[in-house]
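Engineer: Compact mmCIF, C-alpha atoms, saved as query-v4.txt, coming up:
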# COMPACT_ATOMS: atom_id res chain seq x y z
CA MET A 362 19.41 -156.23 226.09
CA SER A 363 19.86 -159.80 225.04
CA THR A 364 22.73 -160.75 222.82
CA VAL A 365 22.10 -163.33 220.16
CA MET A 366 25.17 -165.28 219.21
CA ILE A 367 24.95 -166.43 215.64
CA ARG A 368 27.86 -167.99 213.92
CA THR A 369 28.86 -165.60 211.21
CA ASP A 370 31.56 -165.33 208.61
CA ARG A 371 33.07 -162.86 206.17
CA SER A 372 29.66 -162.38 204.56
CA THR A 373 28.21 -160.81 207.65
CA VAL A 374 27.22 -157.24 208.32
CA ALA A 375 26.56 -156.41 211.91
CA MET A 376 23.50 -154.23 212.24
CA SER A 377 23.23 -154.42 215.97
CA PRO A 378 24.25 -156.89 218.62
CA ALA A 379 20.91 -158.56 218.18
CA TYR A 380 20.60 -158.04 214.46
CA TYR A 381 23.45 -159.76 212.75
CA VAL A 382 22.68 -160.47 209.12
CA ASP A 383 24.30 -163.49 207.60
CA ARG A 384 23.77 -163.06 203.90
CA GLY A 385 25.03 -166.54 203.18
CA SER A 386 22.41 -168.28 205.28
CA PRO A 387 18.65 -168.13 205.62
CA GLN A 388 18.88 -166.89 209.18
CA ASN A 389 18.84 -163.25 208.26
CA ARG A 390 15.84 -162.30 210.25
CA SER A 391 15.50 -160.44 213.50
CA PRO A 392 14.81 -162.27 216.70
CA VAL A 393 11.68 -161.36 218.58
CA GLU A 394 11.40 -161.32 222.33
CA GLY A 395 11.64 -164.81 223.77
CA GLU A 396 12.54 -166.44 220.50
CA THR A 397 15.61 -168.58 220.04
CA LEU A 398 17.15 -168.27 216.65
CA PRO A 399 18.27 -171.46 214.98
CA THR A 400 21.95 -172.14 215.19
CA ALA A 401 24.03 -172.28 212.07
CA SER A 402 23.77 -176.04 211.95
CA ALA A 403 20.07 -176.33 212.77
CA PRO A 404 17.65 -177.21 209.97
CA ILE A 405 15.81 -174.17 208.68
CA GLU A 406 12.11 -174.28 208.02
CA ASN A 407 10.54 -171.71 205.71
CA PRO A 408 13.83 -170.02 204.98
CA ALA A 409 13.67 -166.28 205.02
CA VAL A 410 15.04 -164.15 202.25
CA PHE A 411 18.44 -164.94 200.84
CA LEU A 412 20.48 -161.88 200.19
CA ALA A 413 23.48 -161.85 197.96
CA ALA A 414 26.88 -162.81 199.28
CA ARG A 415 29.51 -160.21 200.00
CA ASP A 416 31.61 -161.23 197.06
CA SER A 417 28.95 -159.68 194.84
CA LEU A 418 30.65 -156.35 195.40
CA PRO A 419 33.12 -155.50 192.66
CA ALA A 420 36.48 -157.16 193.07
CA GLY A 421 39.59 -155.04 193.32
CA ARG A 422 40.59 -152.10 195.36
CA PHE A 423 41.27 -148.41 194.92
CA THR A 424 44.25 -147.35 197.02
CA VAL A 425 43.80 -143.67 197.70
CA LEU A 426 46.98 -141.60 197.51
CA GLN A 427 45.25 -138.31 198.06
CA SER A 428 41.69 -137.10 198.17
CA TRP A 429 39.98 -133.76 198.44
CA GLU A 430 36.54 -132.38 198.93
CA GLY A 431 35.87 -129.41 196.67
CA VAL A 432 33.33 -126.63 196.49
CA VAL A 433 32.71 -124.87 193.20
CA VAL A 434 33.03 -121.09 193.49
CA SER A 435 32.54 -120.13 189.85
CA ALA A 436 31.95 -121.95 186.59
CA SER A 437 32.02 -121.31 182.85
CA ASP A 438 31.35 -123.63 179.93
CA ALA A 439 35.02 -124.62 179.72
CA GLU A 440 36.22 -124.72 183.33
CA PHE A 441 35.36 -124.09 186.93
CA THR A 442 37.14 -122.70 189.96
CA ALA A 443 36.92 -124.58 193.24
CA ILE A 444 38.24 -124.52 196.78
CA LEU A 445 39.75 -127.86 197.78
CA THR A 446 40.02 -129.26 201.30
CA ASP A 447 42.56 -132.03 201.68
CA ARG A 448 40.94 -135.12 203.17
CA THR A 449 44.16 -137.14 203.27
CA ILE A 450 46.24 -134.65 205.23
CA ARG A 451 43.67 -132.58 207.04
CA GLU A 452 46.25 -130.08 208.32
CA ASN A 453 46.94 -128.92 204.77
CA LEU A 454 45.61 -125.50 203.86
CA GLU A 455 42.71 -125.05 201.49
CA GLU A 456 43.71 -124.55 197.87
CA GLU A 457 42.00 -122.81 194.99
CA VAL A 458 42.17 -124.67 191.69
CA VAL A 459 40.84 -124.35 188.17
CA ILE A 460 39.58 -127.59 186.64
CA GLY A 461 38.69 -128.17 183.00
CA ILE A 462 35.13 -129.26 182.40
CA GLU A 463 36.42 -132.17 180.29
CA GLU A 464 37.67 -133.75 183.55
CA ILE A 465 34.07 -134.21 184.63
CA SER A 466 31.87 -137.06 183.43
CA GLU A 467 29.18 -135.84 181.09
CA ASP A 468 26.32 -136.70 183.41
CA ASP A 469 27.86 -134.68 186.25
CA ARG A 470 28.51 -131.54 184.16
CA LYS A 471 25.03 -130.19 184.78
CA LEU A 472 25.88 -130.21 188.50
CA VAL A 473 28.87 -127.88 188.07
CA LYS A 474 27.46 -124.73 189.61
CA PRO A 475 28.64 -122.40 192.37
CA GLY A 476 28.13 -124.11 195.72
CA ALA A 477 28.25 -127.64 194.30
CA VAL A 478 30.34 -130.13 196.29
CA PHE A 479 32.54 -132.77 194.69
CA TYR A 480 34.96 -135.49 195.75
CA TRP A 481 38.30 -135.88 194.00
CA SER A 482 40.49 -138.92 194.55
CA ILE A 483 43.84 -139.86 193.07
CA GLY A 484 45.16 -143.35 193.57
CA TYR A 485 45.90 -146.79 192.23
CA LYS A 486 43.17 -149.03 190.91
CA ASP A 487 43.93 -152.73 191.25
CA ALA A 488 41.53 -155.25 189.78
CA PRO A 489 41.96 -158.96 189.20
CA GLY A 490 43.51 -159.69 185.82
CA GLU A 491 44.23 -156.05 185.10
CA PRO A 492 47.45 -154.08 185.37
CA ARG A 493 47.58 -151.45 188.10
CA ARG A 494 46.27 -148.11 186.89
CA ARG A 495 46.78 -144.66 188.31
CA VAL A 496 43.39 -143.02 188.39
CA SER A 497 42.06 -139.54 189.02
CA GLN A 498 38.37 -139.55 189.79
CA ILE A 499 35.95 -136.69 190.36
CA ARG A 500 32.37 -137.22 191.43
CA PHE A 501 29.83 -134.55 192.27
CA ARG A 502 27.57 -134.78 195.29
CA ARG A 503 24.02 -135.56 194.33
CA LEU A 504 21.08 -134.29 196.30
CA PRO A 505 17.38 -134.84 195.67
CA THR A 506 16.06 -132.82 192.76
CA TRP A 507 13.57 -130.18 193.82
CA SER A 508 10.27 -130.54 192.02
CA GLN A 509 8.29 -127.46 190.90
CA TYR A 510 5.80 -128.36 193.65
CA ASP A 511 8.61 -128.23 196.27
CA ILE A 512 9.79 -124.86 194.91
CA ASP A 513 6.25 -123.46 194.92
CA GLN A 514 5.73 -124.72 198.46
CA ALA A 515 8.97 -123.11 199.63
CA ALA A 516 8.07 -119.82 197.91
CA ARG A 517 4.62 -119.86 199.52
CA HIS A 518 6.15 -120.56 202.93
CA ALA A 519 8.67 -117.73 202.44
CA SER A 520 5.83 -115.33 201.51
CA GLU A 521 3.91 -116.30 204.64
CA LEU A 522 6.96 -115.71 206.84
CA SER A 523 7.67 -112.43 205.08
CA ALA A 524 4.09 -111.29 205.72
CA ILE A 525 4.39 -112.20 209.42
CA PHE A 526 7.62 -110.26 209.89
CA SER A 527 6.52 -107.21 207.88
CA ASP A 528 3.37 -106.78 209.99
CA MET B 435 56.28 -149.79 212.31
CA GLN B 436 55.38 -150.37 208.70
CA GLU B 437 51.95 -149.09 207.64
CA PRO B 438 49.50 -152.02 207.81
CA LYS B 439 48.47 -153.48 204.49
CA ILE B 440 44.73 -153.05 203.99
CA THR B 441 43.35 -155.44 201.39
CA GLN B 442 39.64 -154.68 201.72
CA ASP B 443 37.78 -151.72 203.14
CA GLU B 444 34.01 -151.79 203.11
CA ALA B 445 31.53 -149.28 204.46
CA SER B 446 27.86 -149.96 204.85
CA ILE B 447 24.80 -148.23 206.20
CA VAL B 448 21.92 -150.30 207.53
CA LEU B 449 18.51 -149.00 208.50
CA VAL B 450 15.88 -151.08 210.25
CA GLY B 451 12.30 -149.91 209.86
CA ALA B 452 9.44 -150.34 207.42
CA PHE B 453 10.33 -150.04 203.74
CA ASN B 454 8.65 -150.62 200.42
CA PRO B 455 11.22 -152.52 198.33
CA ALA B 456 9.16 -152.07 195.18
CA ILE B 457 10.02 -148.39 194.85
CA PHE B 458 13.77 -148.95 194.97
CA HIS B 459 14.85 -149.03 191.36
CA PRO B 460 17.78 -147.41 189.51
CA ALA B 461 15.34 -145.46 187.35
CA TRP B 462 13.75 -143.98 190.49
CA LEU B 463 17.18 -143.04 191.86
CA ALA B 464 18.18 -141.43 188.55
CA ARG B 465 14.87 -139.60 188.19
CA HIS B 466 15.53 -137.89 191.50
CA GLY B 467 19.10 -137.12 190.47
CA LEU B 468 20.69 -139.40 193.07
CA ILE B 469 22.77 -141.45 190.65
CA GLN B 470 24.02 -140.75 187.15
CA ASP B 471 21.83 -141.81 184.22
CA PRO B 472 24.54 -144.10 182.81
CA GLU B 473 24.87 -145.72 186.24
CA ALA B 474 21.16 -146.38 186.30
CA GLU B 475 21.28 -147.89 182.82
CA ALA B 476 24.23 -150.13 183.74
CA ALA B 477 22.81 -151.22 187.11
CA ASP B 478 21.96 -154.82 187.74
CA VAL B 479 18.51 -155.10 189.31
CA GLN B 480 16.75 -157.97 190.98
CA LEU B 481 13.21 -157.52 192.24
CA ILE B 482 11.75 -160.51 194.00
CA GLY B 483 7.98 -160.41 194.38
CA GLY B 484 7.91 -156.89 195.76
CA GLU B 485 9.58 -158.23 198.90
CA VAL B 486 13.23 -157.74 198.05
CA ALA B 487 15.01 -155.25 195.84
CA VAL B 488 18.70 -155.67 195.04
CA ILE B 489 20.46 -152.98 193.03
CA ALA B 490 24.08 -153.47 192.05
CA LEU B 491 25.85 -150.32 190.92
CA LYS B 492 29.51 -150.33 189.92
CA TRP B 493 30.46 -148.82 193.26
CA ALA B 494 27.71 -149.92 195.64
CA ARG B 495 25.12 -152.54 196.32
CA MET B 496 21.71 -151.85 197.79
CA GLU B 497 19.50 -154.51 199.32
CA VAL B 498 16.04 -153.61 200.57
CA THR B 499 13.50 -155.83 202.27
CA ARG B 500 10.31 -154.92 204.11
CA ASP B 501 12.18 -154.31 207.35
CA ARG B 502 15.73 -153.58 206.30
CA PHE B 503 17.66 -151.25 204.04
CA ILE B 504 21.34 -151.97 203.41
CA VAL B 505 23.74 -150.17 201.12
CA ARG B 506 27.43 -150.94 201.02
CA SER B 507 30.53 -150.16 199.05
CA ASN B 508 34.07 -151.49 199.04
CA ASP B 509 35.32 -148.52 197.04
CA GLU B 510 36.81 -146.02 199.48
CA THR B 511 36.52 -143.23 196.94
CA HIS B 512 32.76 -143.68 197.05
CA PHE B 513 32.23 -143.73 200.81
CA GLU B 514 30.98 -140.13 200.79
CA PRO B 515 28.71 -140.74 197.79
CA LEU B 516 27.39 -143.78 199.69
CA ARG B 517 26.45 -141.54 202.59
CA ASP B 518 25.01 -138.92 200.24
CA LEU B 519 22.88 -141.55 198.54
CA VAL B 520 21.36 -142.76 201.81
CA VAL B 521 20.84 -139.25 203.13
CA ALA B 522 19.16 -138.19 199.90
CA ILE B 523 16.93 -141.27 199.73
CA PHE B 524 15.59 -140.69 203.21
CA GLN B 525 15.14 -136.99 202.61
CA LEU B 526 12.82 -138.07 199.82
CA LEU B 527 11.22 -140.86 201.85
CA GLU B 528 10.98 -138.55 204.82
CA HIS B 529 8.04 -140.26 206.50
CA THR B 530 9.54 -143.75 206.45
CA PRO B 531 9.62 -145.12 209.99
CA VAL B 532 13.14 -146.01 211.10
CA THR B 533 13.98 -147.70 214.40
CA GLN B 534 17.70 -148.46 214.14
CA ILE B 535 20.73 -147.36 212.19
CA GLY B 536 24.04 -149.13 211.76
CA ILE B 537 27.07 -147.39 210.29
CA ASN B 538 29.60 -150.12 209.63
CA ARG B 539 33.13 -150.38 208.40
CA ASP B 540 34.92 -153.69 207.83
CA ILE B 541 38.65 -153.47 207.26
CA GLN B 542 40.69 -156.47 206.18
CA PHE B 543 44.42 -156.48 206.90
CA GLU B 544 47.03 -158.78 205.45
CA LEU B 545 49.70 -159.79 207.96
CA PRO B 546 53.30 -160.03 206.76
CA THR B 547 53.83 -163.53 208.21
CA LEU B 548 51.79 -166.44 209.55
CA ASP B 549 53.43 -165.97 212.95
CA GLU B 550 52.12 -162.42 213.17
CA TRP B 551 48.72 -163.61 212.01
CA HIS B 552 48.60 -166.16 214.85
CA LYS B 553 49.86 -163.55 217.27
CA ILE B 554 46.62 -161.60 216.92
CA GLY B 555 44.56 -164.57 218.07
CA HIS B 556 46.96 -165.38 220.88
CA LYS B 557 46.98 -161.83 222.14
CA LEU B 558 43.22 -161.24 222.00
CA ALA B 559 42.15 -164.74 223.08
CA PRO B 560 44.91 -166.32 225.20
CA LYS B 561 44.86 -170.10 224.94
CA ASP B 562 45.92 -171.09 228.48
CA ILE B 563 42.46 -172.22 229.53
CA TRP B 564 41.48 -173.68 226.18
CA LEU B 565 44.62 -175.78 225.81
CA ARG B 566 43.64 -177.73 228.91
CA HIS B 567 40.44 -178.86 227.16
CA LEU B 568 40.94 -178.60 223.42
CA LYS B 569 43.47 -179.60 220.83
CA GLU B 570 44.95 -176.67 218.85
CA PRO B 571 42.28 -174.11 219.79
CA GLY B 572 42.12 -171.04 217.58
CA MET B 573 40.21 -167.79 217.65
CA ALA B 574 37.37 -167.91 215.12
CA ARG B 575 35.70 -164.66 216.03
CA LEU B 576 35.89 -162.24 218.90
CA SER B 577 33.16 -159.68 219.54
CA ILE B 578 33.39 -156.78 221.91
CA GLN B 579 30.56 -154.39 222.74
CA SER B 580 30.78 -150.97 224.34
CA VAL B 581 28.43 -148.16 225.23
CA ARG B 582 28.18 -145.27 222.82
CA PRO B 583 30.45 -142.26 223.32
CA ASP B 584 27.53 -139.88 222.67
CA ASP B 585 24.00 -139.37 223.98
CA PHE B 586 22.31 -141.77 221.57
CA LYS B 587 21.05 -145.15 222.71
CA GLY B 588 22.96 -147.98 221.13
CA THR B 589 26.34 -149.64 221.17
CA ILE B 590 29.67 -149.81 219.42
CA ASN B 591 30.37 -153.39 218.39
CA VAL B 592 33.74 -154.62 217.21
CA SER B 593 34.34 -158.05 215.72
CA ILE B 594 37.69 -159.51 214.82
CA TYR B 595 38.01 -162.67 212.79
CA PRO B 596 40.39 -164.41 210.42
CA SER B 597 39.23 -163.91 206.85
CA GLY B 598 41.78 -165.94 204.92
CA GLN B 599 45.39 -167.04 205.14
CA LYS B 600 47.30 -164.22 206.87
CA MET B 601 44.15 -162.07 206.67
CA VAL B 602 42.24 -160.60 209.56
CA THR B 603 39.13 -158.46 209.40
CA ILE B 604 38.20 -155.90 212.01
CA ALA B 605 34.54 -154.96 211.70
CA VAL B 606 33.18 -151.95 213.54
CA ASN B 607 29.44 -151.51 213.90
CA ASP B 608 28.21 -148.14 215.12
CA HIS B 609 24.72 -148.97 216.23
CA TYR B 610 21.93 -146.50 217.03
CA ASP B 611 18.70 -147.52 218.76
CA LEU B 612 16.33 -144.76 217.78
CA GLY B 613 12.96 -145.97 219.02
CA ASP B 614 10.81 -144.70 216.18
CA VAL B 615 11.95 -141.76 214.07
CA SER B 616 11.20 -140.46 210.59
CA GLY B 617 13.33 -141.12 207.54
CA ARG B 618 14.27 -137.45 207.55
CA LYS B 619 15.51 -137.62 211.14
CA ALA B 620 17.47 -140.78 210.32
CA SER B 621 19.05 -139.06 207.33
CA GLU B 622 20.07 -136.11 209.52
CA ILE B 623 21.70 -138.46 212.04
CA ILE B 624 23.62 -140.25 209.27
CA ALA B 625 24.74 -136.95 207.73
CA ASP B 626 25.84 -135.67 211.12
CA LYS B 627 27.56 -138.80 212.42
CA TRP B 628 29.06 -140.32 209.29
CA ILE B 629 32.51 -138.75 209.38
CA SER B 630 33.11 -139.40 213.06
CA SER B 631 31.78 -142.92 212.71
CA ILE B 632 33.91 -144.11 209.81
CA SER B 633 36.96 -142.18 211.08
CA ARG B 634 36.61 -143.83 214.48
CA ALA B 635 36.33 -147.24 212.80
CA ILE B 636 39.55 -146.97 210.80
CA ALA B 637 41.47 -145.46 213.73
CA LEU B 638 40.23 -148.21 216.04
CA ALA B 639 41.03 -150.97 213.54
CA LYS B 640 44.56 -149.67 212.94
CA SER B 641 45.20 -149.31 216.67
CA ILE B 642 43.98 -152.82 217.46
CA TYR B 643 46.08 -154.17 214.61
CA ALA B 644 49.18 -152.33 215.77
CA GLU B 645 48.76 -153.25 219.43
CA THR B 646 48.14 -156.93 218.80
CA ILE B 647 51.13 -157.60 216.58
CA GLN B 648 53.58 -155.75 218.84
Translate this structure into structure tokens?
Structural biologist:
Amino acid sequence: MSTVMIRTDRSTVAMSPAYYVDRGSPQNRSPVEGETLPTASAPIENPAVFLAARDSLPAGRFTVLQSWEGVVVSASDAEFTAILTDRTIRENLEEEVVIGIEEISEDDRKLVKPGAVFYWSIGYKDAPGEPRRRVSQIRFRRLPTWSQYDIDQAARHASELSAIFSD
Amino acid sequence: MQEPKITQDEASIVLVGAFNPAIFHPAWLARHGLIQDPEAEAADVQLIGGEVAVIALKWARMEVTRDRFIVRSNDETHFEPLRDLVVAIFQLLEHTPVTQIGINRDIQFELPTLDEWHKIGHKLAPKDIWLRHLKEPGMARLSIQSVRPDDFKGTINVSIYPSGQKMVTIAVNDHYDLGDVSGRKASEIIADKWISSISRAIALAKSIYAETIQ
């Protein structure tokens, strides 16, 4: 495999040895066999797509003190019970906790059902021009919504399998 | 030794294949339940002639062109949601052809002193040879490539470069050459390999940091 050396900087994401993407330059295209990519200083004809620079990501940093992955085991309108696995200290034992529904953002509340997975992080949020804040953040895992068509298809498939095995 | 000071930590997932940028829109993501409705409403969207889609969420940025899908986040608390988002998208777009995957993590460290900062360059790229030919040579970027530790085709690529005064970034690219697989298969690989990939990246970066400033 050939290795293409392209001068890159902090705004680079390496996709493969031959597929470096320099978002700050117009060279973000893949080399084809036998092609020599322009060097950083070479004039660019028909520049390819410019993608945004890395600094377009939000400034600041969340320093995680502790984080868990949780699985909901039961839920009511006011609270839910979950099993937590420590992701910071993986040797820690699982814990069962009860969490008030008001801790969950409104848009995630519909996801609070037995079996649902969530991520809980506690840490410091530092952002430019803002005082340090201690933050507790819970976010539920989101999976594709099943359409009625998908559900019907799955039911039909289950019926067919059931018929095969009952014969 | 004191715990290294990490000043930036970014994870990204890159897929190379054939994509339709026009369908990537916050409303589409929200309709399928992949992001919250308020996130979709607050998202910044740029669509450029059906050829490029850029979606900026508060915690991630997605950039899609005809041949490339990139999503990245510098919010460590959202690394798992980042993975979930990509896995879910390509479960939906299950027939999308995908040829390569990159799971990347770029970690920026701040060194306590300038001397220690220079020490990294001196240790990784000794100057003996260069000093005979150049005046004040310095390491701008060092890239190392290795074979994969599993049965997939591809490479592990590590780059180390100064990213500011007393700053050094260690970027780990976990690259998979897949040939030609479906979006669903790609999503399964990402779901399966994510944890080991980003865990390996942070462990590797911390080890390299520790060993070079010794």
Engineer: Every residue with an atom at most 12 Å from (16.9, -139.1, 187.6) (file coordinates; all atoms listed in the file) is what I'm after, so could you write them as a short mmCIF file (atom, residue, chain, number, x, y, z; two decimals) with C-alpha atoms, in the coordinates of the input?
Structural biologist:
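Saved to part_24.cif:
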data_model
loop_
_atom_site.label_atom_id
_atom_site.label_comp_id
_atom_site.auth_asym_id
_atom_site.auth_seq_id
_atom_site.Cartn_x
_atom_site.Cartn_y
_atom_site.Cartn_z
CA ASP A 468 26.32 -136.70 183.41
CA ASP A 469 27.86 -134.68 186.25
CA ARG A 503 24.02 -135.56 194.33
CA LEU A 504 21.08 -134.29 196.30
CA PRO A 505 17.38 -134.84 195.67
CA THR A 506 16.06 -132.82 192.76
CA TRP A 507 13.57 -130.18 193.82
CA SER A 508 10.27 -130.54 192.02
CA HIS B 459 14.85 -149.03 191.36
CA PRO B 460 17.78 -147.41 189.51
CA ALA B 461 15.34 -145.46 187.35
CA TRP B 462 13.75 -143.98 190.49
CA LEU B 463 17.18 -143.04 191.86
CA ALA B 464 18.18 -141.43 188.55
CA ARG B 465 14.87 -139.60 188.19
CA HIS B 466 15.53 -137.89 191.50
CA GLY B 467 19.10 -137.12 190.47
CA LEU B 468 20.69 -139.40 193.07
CA ILE B 469 22.77 -141.45 190.65
CA GLN B 470 24.02 -140.75 187.15
CA ASP B 471 21.83 -141.81 184.22
CA PRO B 472 24.54 -144.10 182.81
CA GLU B 473 24.87 -145.72 186.24
CA ALA B 474 21.16 -146.38 186.30
CA GLU B 475 21.28 -147.89 182.82
#
Engineer: Sorted by chain and rising residue number, list the residues of chain B at most 7 Å from chain A (counting all atoms listed in the file), each with its closest atom pair and distance in Å to one decimal, as a tab-separated table.
Structural biologist:
residue	atom	partner	partner_atom	distance
B:Gln442	CA	A:Arg422	CA	6.9
B:Val448	CA	A:Met376	CA	6.3
B:His466	CA	A:Thr506	CA	5.3
B:Gly467	CA	A:Thr506	CA	5.7
B:Leu468	CA	A:Arg503	CA	5.2
B:Gln470	CA	A:Asp468	CA	6.0
B:Asp471	CA	A:Asp468	CA	6.9
B:Lys492	CA	A:Pro419	CA	6.9
B:Arg495	CA	A:Leu418	CA	6.8
B:Asn508	CA	A:Leu418	CA	7.0
B:Asp509	CA	A:Phe423	CA	6.3
B:Glu510	CA	A:Phe423	CA	6.8
B:Thr511	CA	A:Ser482	CA	6.3
B:Pro515	CA	A:Arg502	CA	6.6
B:Asp518	CA	A:Arg503	CA	6.9
B:Ala522	CA	A:Leu504	CA	5.6
B:Leu526	CA	A:Pro505	CA	7.0
B:Gly536	CA	A:Met376	CA	5.2
B:Ser597	CA	A:Arg371	CA	6.3
B:Asn607	CA	A:Ala375	CA	6.0
B:His609	CA	A:Ser377	CA	5.7
Engineer: Under the rule that only C-alpha atoms are counted, which of B:Arg500, B:Lys587, B:His512, B:His529 is the nearest residue to Gly617 of chain B?
Structural biologist: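 Among the listed residues, the smallest separation from Gly617 of chain B belongs to B:His529.
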Engineer: Give me, please, the distance in Å between atom CA of Met573 of chain B and atom CA of Gly588 of chain B, quoted to one decimal.
Structural biologist: 26.5 Å
Engineer: Neighbouring residues of segment 580-584 of chain B were defined as those with any atom within 10 Å, considering all atoms listed in the file; residues of the same chain fewer than 6 positions away were excluded. Please report them as a compact mmCIF listing (two decimals) with C-alpha atoms, in the frame of the given file.
Structural biologist:
# COMPACT_ATOMS: atom_id res chain seq x y z
CA ILE B 590 29.67 -149.81 219.42
CA ASN B 591 30.37 -153.39 218.39
CA VAL B 592 33.74 -154.62 217.21
CA ASP B 608 28.21 -148.14 215.12
CA HIS B 609 24.72 -148.97 216.23
CA TYR B 610 21.93 -146.50 217.03
Engineer: Which neighbours of Val433 of chain A fall inside 6 Å, counting all atoms listed in the file, when residues of the same chain fewer than 2 positions from it are skipped, and could you give them as a PyMOL selection string?
Structural biologist: chain A and resi 435+442-443+475-477
Engineer: How many Å separate atom CA of Pro560 of chain B from atom CA of Glu645 of chain B?
Structural biologist: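 About the pair atom CA of Pro560 of chain B and atom CA of Glu645 of chain B: they are 14.8 Å apart.
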Engineer: Please identify all polymer residues within 10 Å of segment 540-550 of chain B, counting only C-alpha atoms, omitting same-chain residues fewer than 2 positions from it, and present them as a PyMOL selection string.
Structural biologist: (chain A and resi 371+373-375) or (chain B and resi 438-446+508+538+552-556+592-607+632+635-636+639-640+643+646-648)
Engineer: In Å, how far is it from atom CA of Leu527 of chain B to atom CA of Ala620 of chain B?
Structural biologist: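 Computed distance, atom CA of Leu527 of chain B to atom CA of Ala620 of chain B, equals 10.5 Å.
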Engineer: For Arg448 of chain A, which residue out of A:Ala488, A:Ser527, A:Gly431, A:Ala519 is the nearest one, using only C-alpha atoms?
Structural biologist: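 Looking only at the distances to Arg448 of chain A, the closest residue turns out to be A:Gly431.
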Engineer: Considering only C-alpha atoms, return as a PyMOL selection string whatever protein or nucleic-acid residues lie within 8 Å of Ile444 of chain A, sequence-local ones (same chain, fewer than 6 positions apart) excluded.
Structural biologist: chain A and resi 431-434+455-458
Engineer: Hey, what's within 12 Å of Pro455 of chain B if we count only C-alpha atoms and toss same-chain stuff fewer than 3 positions away? As a list in words, please?
Structural biologist: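 Neighbouring residues, sequence-local ones excluded: Gly451, Ala452, Phe458, His459, Trp462, Val479, Gln480, Leu481, Ile482, Gly483, Gly484, Glu485, Val486, Ala487, Val488, Ile489, Met496, Glu497, Val498, Thr499, Arg500, Asp501, Arg502, Phe503 and Ile504 of chain B.
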